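What follows is a short report on a single structure.
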Amino acid sequence: MVTVNLGMLHYVLDHIYGAFMHRTKMSTPFFSRGWGGTKLEMLERMLNQLFPEVAGQNWPPMLIEPVWRTIWETKNASLREGVFRTPCDDQLLGALPPESHTARVAFLMPKSVSPNRMACVVHLAGTGDHTFERRLRLGGPLMKENIATMVLESPFYGQRRPVLQRGAKLLCVSDLLLLGRATIEEARSLLHWLDCEAGFGKMGICGLSMGGVHAAMVGSLHPTPVATLPFLSPHSAVVAFCEGILKHGTAWEALREDLATQKAAMTLEDVRERMRNVLSLTDVTRFPVPKSPSAVIFVAATDDGYIPKHSILELKKAWPGSEVRWVTGGHVSSFILHHDEFRRAIKDGLDRLPWKESQL
């Protein structure tokens, strides 16, 4: 009788998928245009300034004014799409591609109760998620629990993708930091809008993979308690691009050549060390513990080829009071098979928050 190690099978599936997506000649690598020059230097300065005083600051989110159009409406629910100008400051706005200046959201809302007795969760995009559909499918069944879903289209993705970018393969390392910083600002502004303008009784933020990293940052930096739900997410982009499968889809030679214009004798190990230093700015363990740590639930996969277990455990250690839940599978299989576990985590995280007091 032949026994199959299912964990190894899931892990191997991640590597087969990764090889197809990131190691074939058909696929453009990440960062084929290099580091991003002065944009990267500006972002490094901006993000480094964030940390010494971040625990006490929680700067207020910028106000946004989405313009909505109805996609469909029934007696039980409605789906609207909205657009708003990204709330990034002038320095960030100047660095973002023009295509990313206008943010887009989808808003799926039940009609069973008034917003003050309802929760809403903002869903952030994982790597390669250019449309609303996957996240609307994840959030849709939660309407019966009186949980609305708001889906943000990431900068550099979907209709916000720069014309020269192929798929999700960001052209420069600076684009990754720009995408993250702009997503954080936009998500915080959406949570503020849901709270102060739409009047929801509870809010949450979730995301898969890269979206989970951004969700953790938003939950950490938001000035009021929100349920924070990172799914299949590392503690830092260092893990994804320097340890996990995405290291095989990175244009290391182009990055080496870009650095060599400044310093002649650059080895590939020098380049990888520079990448680790830059991406350490995305380390969630450097961010303050969210206002309600018991409403932080990480969902991780037992045999993830993209994210090693130590990365998840570092998150748990950094944020005492948070919870880690394990699902059986790899990165790809869990993404496909465990939507019910993600929904359960969303409901449980929101249940751990008190209802906002009525403004009446």
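The way I read the labels, and the way they are meant: chains A, B, ... in the order of the structure tokens, residue 1 as the first residue of every chain, and ligand 1 as the first ligand shown, with later ones counted on from there.
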
*Excluding same-chain residues fewer than 4 positions from region 340-342 of chain A, what lies within 9 Å of it counting only C-alpha atoms, as a list in words?*
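Non-adjacent residues within range: Leu138, Leu229, Phe231, Val299, Arg325, Val327, Ile346 and Lys347 of chain A.
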
Please save N, CA and C atoms of the selected residues as a PDB file, in the first residue's frame.
```
ATOM      1  N   LEU A 138     -15.712  35.673  -1.653  1.00  0.00           N
ATOM      2  CA  LEU A 138     -15.350  35.366  -0.265  1.00  0.00           C
ATOM      3  C   LEU A 138     -16.314  36.064   0.694  1.00  0.00           C
ATOM      4  N   LEU A 229      -7.476  40.736  10.058  1.00  0.00           N
ATOM      5  CA  LEU A 229      -7.573  39.332   9.642  1.00  0.00           C
ATOM      6  C   LEU A 229      -6.649  39.047   8.463  1.00  0.00           C
ATOM      7  N   PHE A 231      -4.652  36.594   6.100  1.00  0.00           N
ATOM      8  CA  PHE A 231      -4.766  35.195   5.700  1.00  0.00           C
ATOM      9  C   PHE A 231      -3.578  34.803   4.831  1.00  0.00           C
ATOM     10  N   VAL A 299      -4.749  33.436   9.820  1.00  0.00           N
ATOM     11  CA  VAL A 299      -5.009  32.084   9.328  1.00  0.00           C
ATOM     12  C   VAL A 299      -3.822  31.687   8.451  1.00  0.00           C
ATOM     13  N   ARG A 325      -4.642  30.554  13.546  1.00  0.00           N
ATOM     14  CA  ARG A 325      -5.377  29.337  13.197  1.00  0.00           C
ATOM     15  C   ARG A 325      -4.695  28.691  11.997  1.00  0.00           C
ATOM     16  N   VAL A 327      -4.758  25.960   8.835  1.00  0.00           N
ATOM     17  CA  VAL A 327      -5.542  25.118   7.929  1.00  0.00           C
ATOM     18  C   VAL A 327      -4.580  24.159   7.240  1.00  0.00           C
ATOM     19  N   ILE A 346     -13.269  35.910   9.986  1.00  0.00           N
ATOM     20  CA  ILE A 346     -13.849  37.256   9.859  1.00  0.00           C
ATOM     21  C   ILE A 346     -14.971  37.439  10.883  1.00  0.00           C
ATOM     22  N   LYS A 347     -15.882  36.470  10.945  1.00  0.00           N
ATOM     23  CA  LYS A 347     -17.021  36.569  11.878  1.00  0.00           C
ATOM     24  C   LYS A 347     -16.532  36.587  13.326  1.00  0.00           C
TER      25      LYS A 347
END
```

*Among region 16-239 of chain A, which residues carry a DSSP assignment of alpha helix (DSSP H), reported as an NGL selection string?*
:A and (16-22 or 38-50 or 54-57 or 90-95 or 133-139 or 173-196 or 210-221 or 237-238)

_Applying 12 Å and only C-alpha atoms, which residues near Leu40 (chain A) remain after dropping the ones on its own chain fewer than 2 positions away? List them as a PyMOL selection string._
chain A and resi 34-38+42-48+92+95-96+172-178+275+278-279+281

*asked:* For a quick check of understanding, using only C-alpha atoms, which of A:Ala125, A:Pro288, A:Tyr306, A:His101 has the smallest distance to Leu246 (chain A)?
replied: A:Tyr306

*In terms of the shortest atom-to-atom distance over only C-alpha atoms, which of A:Lys39, A:Lys75, A:Arg344, A:Arg160 is closest to Val105 (chain A)?*
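Residue with the minimum atom-to-atom distance to Val105 (chain A): A:Arg160.
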